[in-house]
$ cat query_17.txt   # compact mmCIF, C-alpha atoms and all ligand atoms
# COMPACT_ATOMS: atom_id res chain seq x y z
CA MET A 1 -5.68 27.83 25.59
CA LYS A 2 -2.10 26.86 26.41
CA THR A 3 0.68 29.42 26.15
CA LEU A 4 4.42 29.08 25.46
CA ALA A 5 5.12 32.64 26.62
CA GLU A 6 3.10 35.80 27.12
CA ASN A 7 0.90 36.26 24.02
CA VAL A 8 2.34 33.16 22.33
CA ILE A 9 -0.60 30.75 22.23
CA ALA A 10 -0.82 27.15 21.01
CA VAL A 11 -3.92 26.96 18.80
CA GLY A 12 -3.15 23.70 16.95
CA VAL A 13 -5.14 20.51 16.79
CA GLN A 14 -4.61 17.00 18.17
CA HIS A 15 -5.58 14.22 15.75
CA TRP A 16 -5.80 11.39 18.28
CA ASP A 17 -7.16 8.66 16.03
CA ARG A 18 -5.24 9.20 12.79
CA ARG A 19 -3.46 5.95 12.06
CA LEU A 20 -1.81 6.54 8.68
CA PHE A 21 0.05 9.43 7.12
CA ASP A 22 0.57 9.83 3.37
CA GLU A 23 -1.30 6.49 3.14
CA LEU A 24 2.09 5.02 4.01
CA ILE A 25 3.41 5.89 7.46
CA PRO A 26 1.82 4.21 10.52
CA LEU A 27 0.87 6.64 13.30
CA PRO A 28 0.66 4.50 16.48
CA ASP A 29 0.27 7.63 18.66
CA GLY A 30 -1.86 9.75 16.31
CA THR A 31 -0.43 13.15 15.45
CA SER A 32 -0.95 16.86 15.92
CA TYR A 33 -0.96 19.84 13.59
CA ASN A 34 0.59 22.52 15.72
CA ALA A 35 -0.19 26.14 15.00
CA TYR A 36 0.77 29.13 17.13
CA LEU A 37 -0.79 32.56 17.49
CA ILE A 38 1.60 35.37 18.36
CA LYS A 39 -0.05 38.61 19.46
CA GLY A 40 2.36 41.50 19.18
CA SER A 41 1.60 45.02 20.39
CA GLN A 42 0.82 46.06 16.80
CA LYS A 43 0.30 42.97 14.66
CA THR A 44 -0.85 39.39 15.09
CA ALA A 45 0.63 36.38 13.31
CA LEU A 46 -0.57 32.81 12.95
CA LEU A 47 2.27 30.34 12.45
CA ASP A 48 1.08 27.46 10.25
CA THR A 49 -2.46 26.11 10.13
CA ALA A 50 -3.79 22.52 10.19
CA ASP A 51 -4.73 19.58 8.03
CA PRO A 52 -7.96 20.42 6.15
CA ALA A 53 -9.74 17.64 8.06
CA LYS A 54 -9.35 19.77 11.21
CA THR A 55 -9.98 23.30 9.91
CA GLU A 56 -13.11 23.76 12.01
CA VAL A 57 -11.25 22.85 15.20
CA LEU A 58 -8.49 25.34 14.36
CA VAL A 59 -11.05 28.08 13.76
CA ASP A 60 -12.72 27.25 17.06
CA HIS A 61 -9.37 27.49 18.86
CA LEU A 62 -8.66 30.85 17.24
CA MET A 63 -12.10 32.16 18.26
CA ARG A 64 -11.40 31.11 21.84
CA THR A 65 -8.25 33.28 21.87
CA GLY A 66 -10.40 36.27 20.89
CA ALA A 67 -8.32 36.81 17.75
CA GLU A 68 -10.57 39.09 15.73
CA LYS A 69 -7.80 40.05 13.34
CA ILE A 70 -4.82 38.18 11.96
CA ASP A 71 -2.33 40.22 9.97
CA TYR A 72 0.07 37.49 8.90
CA ILE A 73 -0.21 33.75 8.29
CA ILE A 74 3.34 32.41 8.36
CA SER A 75 3.62 29.32 6.17
CA HIS A 76 6.74 27.29 6.92
CA HIS A 77 6.03 24.40 4.56
CA THR A 78 3.65 23.62 1.71
CA GLU A 79 2.62 20.11 2.73
CA GLN A 80 -1.11 20.18 3.37
CA ASP A 81 -1.02 18.98 6.99
CA HIS A 82 0.25 22.50 7.80
CA SER A 83 -0.95 24.60 4.90
CA GLY A 84 -4.23 22.90 3.99
CA SER A 85 -6.37 25.25 6.10
CA ILE A 86 -4.79 28.45 4.71
CA PRO A 87 -7.51 29.00 2.04
CA ASP A 88 -10.20 28.81 4.74
CA MET A 89 -8.16 31.03 7.05
CA LEU A 90 -8.08 33.65 4.29
CA LEU A 91 -11.88 33.52 4.18
CA VAL A 92 -12.16 33.97 7.93
CA TYR A 93 -9.40 36.62 8.02
CA PRO A 94 -9.57 38.25 4.54
CA ASP A 95 -7.03 40.97 5.37
CA ALA A 96 -4.34 38.49 6.36
CA LYS A 97 -1.23 38.07 4.19
CA VAL A 98 0.52 34.75 3.73
CA VAL A 99 4.17 35.24 4.64
CA THR A 100 6.63 32.75 3.22
CA ASN A 101 9.72 32.29 1.05
CA PRO A 102 9.51 32.45 -2.77
CA LYS A 103 9.82 28.68 -3.21
CA CYS A 104 7.04 27.94 -0.72
CA LYS A 105 4.89 30.66 -2.27
CA ALA A 106 5.14 29.05 -5.71
CA MET A 107 4.33 25.64 -4.25
CA LEU A 108 1.34 26.98 -2.27
CA MET A 109 0.02 28.51 -5.50
CA ASP A 110 0.41 25.12 -7.22
CA HIS A 111 -1.01 22.94 -4.46
CA LEU A 112 -3.72 25.17 -2.97
CA HIS A 113 -4.39 27.73 -5.73
CA ILE A 114 -3.82 30.64 -3.37
CA ASP A 115 -3.88 33.95 -5.22
CA GLU A 116 -0.48 35.57 -5.77
CA ASP A 117 -1.72 38.86 -4.28
CA ALA A 118 -2.22 37.16 -0.92
CA PHE A 119 1.53 36.72 -0.34
CA ILE A 120 4.39 38.59 1.25
CA GLU A 121 7.75 37.04 0.31
CA VAL A 122 10.55 36.86 2.86
CA GLN A 123 14.22 36.01 2.45
CA ASP A 124 16.51 33.96 4.65
CA GLY A 125 17.35 36.00 7.77
CA GLN A 126 14.69 38.66 7.13
CA THR A 127 12.71 39.95 10.10
CA LEU A 128 9.08 40.96 10.52
CA SER A 129 8.02 43.15 13.43
CA LEU A 130 4.77 42.57 15.28
CA GLY A 131 5.49 45.56 17.55
CA ASP A 132 7.00 44.22 20.74
CA LYS A 133 7.74 40.84 19.15
CA THR A 134 10.05 40.14 16.22
CA LEU A 135 9.95 37.18 13.85
CA ARG A 136 13.15 36.18 12.05
CA PHE A 137 12.85 33.68 9.22
CA ILE A 138 15.50 31.01 8.86
CA TYR A 139 15.56 28.80 5.79
CA THR A 140 15.85 25.15 6.91
CA PRO A 141 15.32 23.30 3.63
CA TRP A 142 15.05 19.58 2.89
CA VAL A 143 13.34 18.37 6.01
CA HIS A 144 11.87 16.72 3.75
CA TRP A 145 10.70 19.21 1.10
CA PRO A 146 12.95 21.85 -0.47
CA GLU A 147 11.07 24.95 0.72
CA THR A 148 10.77 24.48 4.47
CA MET A 149 11.73 27.33 6.77
CA SER A 150 11.64 28.03 10.51
CA THR A 151 10.77 31.13 12.51
CA TRP A 152 12.83 32.47 15.39
CA LEU A 153 10.84 34.54 17.87
CA VAL A 154 13.62 36.85 18.98
CA GLU A 155 12.33 38.23 22.30
CA ASP A 156 11.06 34.89 23.67
CA ARG A 157 13.90 32.78 22.14
CA ILE A 158 11.47 30.23 20.70
CA LEU A 159 12.26 28.36 17.49
CA PHE A 160 9.23 27.32 15.44
CA SER A 161 10.76 24.55 13.37
CA CYS A 162 7.85 22.96 11.46
CA ASP A 163 8.53 19.25 10.65
CA PHE A 164 12.18 19.65 11.78
CA PHE A 165 12.47 18.16 15.33
CA GLY A 166 8.81 17.10 15.19
CA SER A 167 7.19 13.85 16.29
CA HIS A 168 3.91 12.27 15.27
CA GLN A 169 2.14 12.23 18.63
CA ALA A 170 -1.16 13.49 19.91
CA THR A 171 -0.65 14.61 23.51
CA ALA A 172 -2.73 16.30 26.19
CA GLY A 173 0.18 18.38 27.45
CA LEU A 174 1.83 21.20 25.54
CA PHE A 175 5.39 20.33 26.58
CA VAL A 176 7.36 17.07 26.45
CA GLU A 177 6.43 15.01 29.50
CA ASP A 178 7.81 11.57 28.61
CA THR A 179 11.20 12.29 27.07
CA ALA A 180 11.96 8.68 26.06
CA ARG A 181 8.61 8.33 24.30
CA THR A 182 9.00 11.61 22.46
CA LEU A 183 12.56 10.81 21.40
CA GLU A 184 11.42 7.47 19.98
CA ALA A 185 8.55 9.15 18.09
CA ALA A 186 10.93 11.85 16.84
CA LYS A 187 13.45 9.22 15.72
CA ARG A 188 10.68 7.38 13.87
CA TYR A 189 9.67 10.61 12.15
CA TYR A 190 13.27 11.57 11.33
CA GLY A 191 13.87 8.10 9.85
CA GLU A 192 10.67 8.11 7.82
CA ILE A 193 11.10 11.46 6.08
CA MET A 194 14.34 13.27 6.92
CA MET A 195 17.01 10.55 6.93
CA PRO A 196 17.67 10.67 3.17
CA PHE A 197 18.42 14.40 3.51
CA ARG A 198 20.73 14.18 6.52
CA SER A 199 23.52 16.20 4.91
CA SER A 200 21.03 19.10 4.60
CA ILE A 201 19.91 18.48 8.19
CA ARG A 202 23.54 18.74 9.30
CA GLY A 203 23.68 22.13 7.56
CA ASN A 204 20.48 23.24 9.25
CA LEU A 205 21.77 22.20 12.68
CA LYS A 206 24.95 24.20 12.05
CA LYS A 207 22.85 27.20 11.05
CA LEU A 208 21.01 27.12 14.38
CA GLU A 209 24.19 26.93 16.47
CA GLY A 210 24.32 30.67 17.14
CA LEU A 211 20.85 30.77 18.67
CA ASP A 212 20.32 30.64 22.44
CA ILE A 213 17.17 28.55 22.13
CA ARG A 214 14.79 28.43 25.09
CA MET A 215 12.12 26.30 23.42
CA ILE A 216 11.63 24.41 20.17
CA ALA A 217 8.04 24.39 18.98
CA PRO A 218 7.66 21.99 16.04
CA SER A 219 4.55 21.50 13.93
CA HIS A 220 3.97 17.94 15.16
CA GLY A 221 4.16 16.63 18.73
CA PRO A 222 4.91 18.37 22.00
CA VAL A 223 7.05 21.48 22.51
CA TYR A 224 10.60 20.99 23.81
CA ASP A 225 11.28 23.19 26.84
CA HIS A 226 14.67 21.46 27.12
CA PRO A 227 15.67 21.83 23.46
CA GLU A 228 19.17 20.36 23.91
CA VAL A 229 17.56 16.92 24.25
CA ILE A 230 16.27 16.84 20.68
CA VAL A 231 19.14 18.84 19.16
CA ASN A 232 21.69 16.39 20.61
CA ALA A 233 19.65 13.41 19.41
CA TYR A 234 19.55 14.84 15.90
CA ARG A 235 23.32 15.41 15.99
CA GLU A 236 23.79 11.69 16.63
CA TRP A 237 21.27 10.58 14.01
CA VAL A 238 22.88 12.64 11.22
CA ASP A 239 26.47 11.71 12.14
CA GLU A 240 27.66 9.26 9.46
CA ASP A 241 30.23 7.76 11.84
CA LYS A 242 27.79 7.05 14.67
CA VAL A 243 26.49 3.56 13.91
CA ALA A 244 25.41 0.93 16.42
CA ASN A 245 26.53 -2.67 16.82
CA VAL A 246 23.19 -3.82 15.46
CA VAL A 247 22.05 -5.93 12.51
CA VAL A 248 18.54 -5.23 11.22
CA VAL A 249 17.04 -8.40 9.71
CA PRO A 250 13.86 -7.69 7.71
CA TYR A 251 12.53 -11.06 6.61
CA VAL A 252 9.64 -12.96 5.11
CA SER A 253 9.10 -16.71 4.95
CA MET A 254 6.34 -18.69 3.22
CA HIS A 255 6.89 -22.32 4.25
CA GLY A 256 9.42 -21.94 7.07
CA SER A 257 12.72 -22.54 5.21
CA THR A 258 13.81 -18.89 5.28
CA GLN A 259 12.48 -18.64 8.86
CA LYS A 260 14.85 -21.45 9.97
CA MET A 261 17.79 -19.61 8.40
CA VAL A 262 16.75 -16.35 10.06
CA ASP A 263 16.37 -18.02 13.47
CA TYR A 264 19.82 -19.63 13.19
CA PHE A 265 21.44 -16.41 11.97
CA VAL A 266 19.79 -14.25 14.65
CA ASP A 267 20.96 -16.64 17.40
CA GLY A 268 24.45 -16.62 15.89
CA LEU A 269 24.62 -12.83 15.98
CA ILE A 270 23.44 -12.78 19.59
CA ASP A 271 26.06 -15.41 20.54
CA ARG A 272 28.72 -13.14 19.03
CA GLY A 273 27.61 -10.15 21.11
CA ILE A 274 25.95 -8.33 18.20
CA GLY A 275 22.60 -6.59 18.69
CA VAL A 276 19.92 -7.83 16.32
CA GLN A 277 16.48 -6.57 15.37
CA PRO A 278 14.46 -9.00 13.22
CA PHE A 279 11.25 -7.76 11.54
CA ASN A 280 8.76 -10.20 10.04
CA LEU A 281 7.80 -7.96 7.13
CA PRO A 282 4.18 -9.00 6.48
CA VAL A 283 3.20 -8.16 10.08
CA ALA A 284 5.92 -5.70 11.19
CA ASP A 285 5.38 -2.04 12.09
CA VAL A 286 7.50 -0.48 9.36
CA GLY A 287 8.07 2.54 11.61
CA GLN A 288 9.81 0.33 14.20
CA MET A 289 12.08 -1.00 11.48
CA VAL A 290 12.87 2.54 10.34
CA ILE A 291 13.83 3.49 13.92
CA ALA A 292 16.30 0.59 13.90
CA LEU A 293 17.65 1.61 10.49
CA VAL A 294 18.55 5.11 11.71
CA ASP A 295 21.76 3.85 13.33
CA ALA A 296 22.21 0.11 12.64
CA ALA A 297 25.62 -0.72 11.15
CA THR A 298 24.30 -3.65 9.08
CA VAL A 299 21.14 -4.78 7.30
CA VAL A 300 20.58 -8.38 6.20
CA LEU A 301 17.44 -8.93 4.14
CA ALA A 302 16.00 -12.46 4.19
CA ALA A 303 13.45 -13.81 1.71
CA PRO A 304 12.22 -16.77 -0.26
CA THR A 305 11.52 -16.60 -3.96
CA VAL A 306 8.12 -16.23 -5.58
CA LEU A 307 8.62 -17.70 -9.03
CA LEU A 308 12.22 -16.61 -9.73
CA GLY A 309 12.23 -13.28 -7.90
CA ALA A 310 12.30 -12.23 -4.25
CA HIS A 311 9.02 -12.30 -2.32
CA PRO A 312 7.15 -9.00 -2.96
CA SER A 313 7.42 -8.05 0.76
CA ALA A 314 11.21 -8.18 0.40
CA LEU A 315 11.05 -6.16 -2.84
CA TYR A 316 9.01 -3.51 -1.02
CA CYS A 317 11.49 -3.48 1.86
CA ALA A 318 14.48 -3.14 -0.46
CA ALA A 319 12.80 -0.23 -2.28
CA LEU A 320 11.97 1.43 1.06
CA VAL A 321 15.52 1.03 2.40
CA ASN A 322 16.83 2.38 -0.88
CA ALA A 323 14.58 5.46 -0.63
CA LEU A 324 15.41 6.14 3.03
CA ARG A 325 19.19 5.71 2.45
CA PRO A 326 20.20 4.90 6.05
CA LYS A 327 23.87 5.25 7.02
CA THR A 328 24.17 1.45 7.12
CA LYS A 329 27.74 0.33 6.38
CA PHE A 330 27.14 -3.33 5.40
CA ALA A 331 24.26 -5.12 3.68
CA GLY A 332 23.54 -8.77 3.02
CA ILE A 333 20.93 -11.08 1.51
CA ILE A 334 19.98 -14.55 2.72
CA GLY A 335 17.11 -16.84 1.83
CA SER A 336 15.73 -19.98 0.30
CA TYR A 337 14.53 -20.73 -3.23
CA GLY A 338 12.51 -23.46 -4.89
CA TRP A 339 14.20 -24.31 -8.16
CA GLY A 340 16.04 -21.16 -9.26
CA SER A 341 16.62 -17.57 -8.10
CA LYS A 342 17.32 -14.10 -9.44
CA MET A 343 16.77 -12.75 -5.93
CA VAL A 344 20.29 -11.51 -5.19
CA GLU A 345 20.63 -9.57 -8.46
CA GLN A 346 17.13 -8.16 -8.08
CA LEU A 347 17.45 -7.01 -4.43
CA THR A 348 20.99 -5.70 -4.92
CA ALA A 349 19.83 -3.56 -7.85
CA LEU A 350 16.88 -2.26 -5.84
CA MET A 351 19.23 -1.10 -3.04
CA GLY A 352 21.54 0.79 -5.40
CA ASN A 353 21.35 4.06 -3.41
CA LEU A 354 22.72 2.41 -0.29
CA LYS A 355 26.36 3.31 0.24
CA ALA A 356 26.97 -0.02 1.95
CA GLU A 357 29.46 -2.80 1.33
CA MET A 358 27.54 -5.84 0.08
CA LEU A 359 28.33 -9.02 2.01
CA GLU A 360 28.51 -12.51 0.50
CA PRO A 361 24.89 -13.72 0.11
CA VAL A 362 23.76 -17.04 1.57
CA LEU A 363 21.05 -18.88 -0.39
CA ALA A 364 19.73 -22.41 0.16
CA LYS A 365 17.89 -24.55 -2.35
CA GLY A 366 14.91 -25.65 -0.31
CA LEU A 367 15.50 -26.39 3.37
CA ALA A 368 18.96 -25.39 4.63
CA ARG A 369 21.52 -28.15 5.17
CA ALA A 370 24.70 -28.12 7.27
CA GLU A 371 26.63 -26.36 4.51
CA THR A 372 24.14 -23.43 4.53
CA TYR A 373 24.33 -23.10 8.34
CA SER A 374 28.11 -23.09 8.07
CA ARG A 375 27.90 -20.22 5.56
CA LEU A 376 25.56 -18.34 7.91
CA ASP A 377 28.21 -18.78 10.63
CA THR A 378 30.79 -17.33 8.27
CA LEU A 379 28.49 -14.39 7.52
CA ALA A 380 28.00 -13.71 11.25
CA ASP A 381 31.79 -13.98 11.83
CA ASN A 382 32.36 -11.55 8.97
CA ILE A 383 29.88 -9.03 10.41
CA LEU A 384 31.53 -9.31 13.84
CA ALA A 385 34.95 -8.63 12.30
CA LYS A 386 33.62 -5.62 10.39
CA HIS A 387 31.84 -4.20 13.44
CA ARG A 388 35.08 -4.67 15.44
CA LYS A 389 36.97 -2.77 12.79
CA LEU A 390 34.50 0.11 13.21
CA GLY A 391 35.16 -0.01 16.96
CA ILE A 392 31.51 -0.56 17.86
CA VAL A 393 31.84 -4.04 19.48
FE1 LIG B 401 4.18 17.71 8.59
FE2 LIG B 401 5.98 17.65 5.75
O1 LIG B 401 4.48 17.94 6.77

$ encode --input "query_17.txt" --output "C-alpha cells" --more "lines below"
Ligand code: FEO
Amino acid sequence: MKTLAENVIAVGVQHWDRRLFDELIPLPDGTSYNAYLIKGSQKTALLDTADPAKTEVLVDHLMRTGAEKIDYIISHHTEQDHSGSIPDMLLVYPDAKVVTNPKCKAMLMDHLHIDEDAFIEVQDGQTLSLGDKTLRFIYTPWVHWPETMSTWLVEDRILFSCDFFGSHQATAGLFVEDTARTLEAAKRYYGEIMMPFRSSIRGNLKKLEGLDIRMIAPSHGPVYDHPEVIVNAYREWVDEDKVANVVVVPYVSMHGSTQKMVDYFVDGLIDRGIGVQPFNLPVADVGQMVIALVDAATVVLAAPTVLLGAHPSALYCAALVNALRPKTKFAGIIGSYGWGSKMVEQLTALMGNLKAEMLEPVLAKGLARAETYSRLDTLADNILAKHRKLGIV
C-alpha cells in the first residue's frame, strides 16, 4: 500500500471506468474515493470510506494493511461516495466509533440510518489523540454541502480536505504527477459543485492560512505534495475580480440559421482580440463548458426557438448557468426564430441568479440579413469596450 508518511496509508479505491457522477457530471478520467488509515501508537483511525459500489475493494485494502482494529472512522462529509461504506465498515469493525460534527452526524443518520450510539461528535478546532499522532478537526462547510469538515494531522502537517481541493481522476500514482492535468480536473470539479459557494470557499481558504501545510490529501484525485499549487489556483477561482478576456458561447442550432450567427459572432470576437469558447450544446462536454465559466468575463447564449420558446438545450444550459452562478460580468442572448419568440424573456428569467449585466439581445427572423450581422458587430464592439473597462484586454 502507498504511504503519505510513516503510518499514514492510502487505502482508497480507484474507479477507473466510472463515467457519470450524480447521473449528471461527466467523468472523462474516472474518479477515486480516497480513504486514509492513520495508525497512531495507541489508536487507529480511518478517514472516510468509499462509494458502496467499491466497499469490497476498500475492505481488501484495509486487510492488506493488517488493520485488525479500527477505533475511529472519521466522516468528513455525508455524501455517499465517501460515507456509503460506513455501515459495512461498522460490521467489519464493530468497536469503531464514527467521529464527525453534529450536522454531519444528523445527516448520516438520515441518509444511511447509522445508529446514534455509533457516533462521537466533535466541534470545530477539537483534537483527537491517536497516541503519537493528533487529529484536529476544521469545519470547512459548503464545499458543496453544509456539513463538510477537514482533518489536520498535526505531526505530519497533512490536511485531509475531502471534496475541497479534489479532482475527479483515477490515477496509478498517489501524488500529483501531471500538474496541468490535475489543475484542469480540479477546476472542472470546483466549477461543477463549489463555484456557487465561493464566498464560503474564500472563508475556508482564510481559515487554513495559519497552517504550514506539507501535503493536501483530498477525497478525490491525487495527493498534492506541493499544496501551494492548488491553494493558489483556488484563490484565483474564488476571486470575484479575476475574470478572463473570454466569451463563452453555448449554442444550439437546428437548421443552420443560429449557427451562421454564432460563426460570424465568434469570428468577430476573435478579430477584436477577445478569447472565445463556443460549445455546441447537444454534443458538448458540459464539464469543459463549466471550466470555461469559472473565469470567463462574458457569456452569450445562442439558440433557435422551438415553438415560441428557446430550444430545450438552451433552457437546460440557462438553468445550469443559473445554478452554478459563475462570476461572469456580462451576459447576452442571440438567435433565430421562425415566426415569433419569447426566448429572451424566458432565458433571462431562467438566469435570474446571475449577477451579470444583460447585453442587448440580437435576434433574427429566419436567416440573418445584413442588419443582424451589423447588430452582432455592435454586440462584439460593446463586449470589447466592457472588457477594456475591466482592464482585461
Ligand atoms: Fe465527493 Fe460531495 O462528495

$ closest_atom_pairs --input "query_17.txt" --of "chain A" --to "ligand LIG 401 (chain B)" --cutoff "8 Å" --atoms "all atoms listed in the file" --output "Markdown table"
| residue | atom | partner | partner_atom | distance |
| --- | --- | --- | --- | --- |
| A:Tyr33 | CA | B:LIG401 | FE1 | 7.5 |
| A:His77 | CA | B:LIG401 | FE2 | 6.9 |
| A:Thr78 | CA | B:LIG401 | FE2 | 7.6 |
| A:Glu79 | CA | B:LIG401 | O1 | 4.9 |
| A:Gln80 | CA | B:LIG401 | O1 | 6.9 |
| A:Asp81 | CA | B:LIG401 | FE1 | 5.6 |
| A:His82 | CA | B:LIG401 | FE1 | 6.2 |
| A:Val143 | CA | B:LIG401 | FE2 | 7.4 |
| A:His144 | CA | B:LIG401 | FE2 | 6.3 |
| A:Trp145 | CA | B:LIG401 | FE2 | 6.8 |
| A:Cys162 | CA | B:LIG401 | FE1 | 7.0 |
| A:Asp163 | CA | B:LIG401 | FE1 | 5.1 |
| A:Ser219 | CA | B:LIG401 | FE1 | 6.6 |
| A:His220 | CA | B:LIG401 | FE1 | 6.6 |

$ atom_distance --input "query_17.txt" --atom1 "atom CA of Asp377 of chain A" --atom2 "atom CA of Tyr264 of chain A"
8.8 Å

$ residues_around --input "query_17.txt" --residues "Val262 of chain A" --least-positions-apart "5" --cutoff "9 Å" --atoms "only C-alpha atoms" --output "PDB file with C-alpha atoms, in the coordinates of the input"
ATOM      1  CA  VAL A 249      17.040  -8.400   9.710  1.00  0.00           C
ATOM      2  CA  TYR A 251      12.530 -11.060   6.610  1.00  0.00           C
ATOM      3  CA  SER A 257      12.720 -22.540   5.210  1.00  0.00           C
ATOM      4  CA  ASP A 267      20.960 -16.640  17.400  1.00  0.00           C
ATOM      5  CA  PRO A 278      14.460  -9.000  13.220  1.00  0.00           C
ATOM      6  CA  ALA A 302      16.000 -12.460   4.190  1.00  0.00           C
ATOM      7  CA  ILE A 334      19.980 -14.550   2.720  1.00  0.00           C
ATOM      8  CA  GLY A 335      17.110 -16.840   1.830  1.00  0.00           C
TER       9      GLY A 335
END

$ residues_near_point --input "query_17.txt" --point "(27.7, -5.8, 16.4)" --cutoff "9 Å" --atoms "all atoms listed in the file" --output "list in words"
Ala244, Asn245, Val246, Val247, Leu269, Ile270, Arg272, Gly273, Ile274, Gly275, Val276, Ala296, Ala297, Thr298, Ile383, Leu384, Ala385, Lys386, His387, Arg388, Ile392 and Val393 of chain A

$ closest_residue --input "query_17.txt" --among "A:Leu308, A:Leu324, A:Val154, A:Leu112" --to "Gly125 of chain A" --atoms "all atoms listed in the file"
A:Val154

$ closest_residue --input "query_17.txt" --among "A:Asn7, A:Asn322, A:Gln14, A:Ser41" --to "Gly352 of chain A" --atoms "all atoms listed in the file"
A:Asn322

$ residues_around --input "query_17.txt" --residues "Ile333 of chain A" --least-positions-apart "6" --cutoff "6 Å" --atoms "all atoms listed in the file" --output "ChimeraX atom specification"
/A:300-302,361

$ residues_near_point --input "query_17.txt" --point "(16.2, 19.0, 17.0)" --cutoff "8 Å" --atoms "all atoms listed in the file" --output "PyMOL selection string"
chain A and resi 164-166+205+216+227-234

$ residues_around --input "query_17.txt" --residues "Lys355 of chain A" --least-positions-apart "5" --cutoff "8 Å" --atoms "all atoms listed in the file" --output "list in words"
Arg325, Lys327, Thr328 and Lys329 of chain A

$ closest_residue --input "query_17.txt" --among "A:Pro304, A:Gly12, A:Gly210, A:Pro312" --to "Lys365 of chain A" --atoms "only C-alpha atoms"
A:Pro304
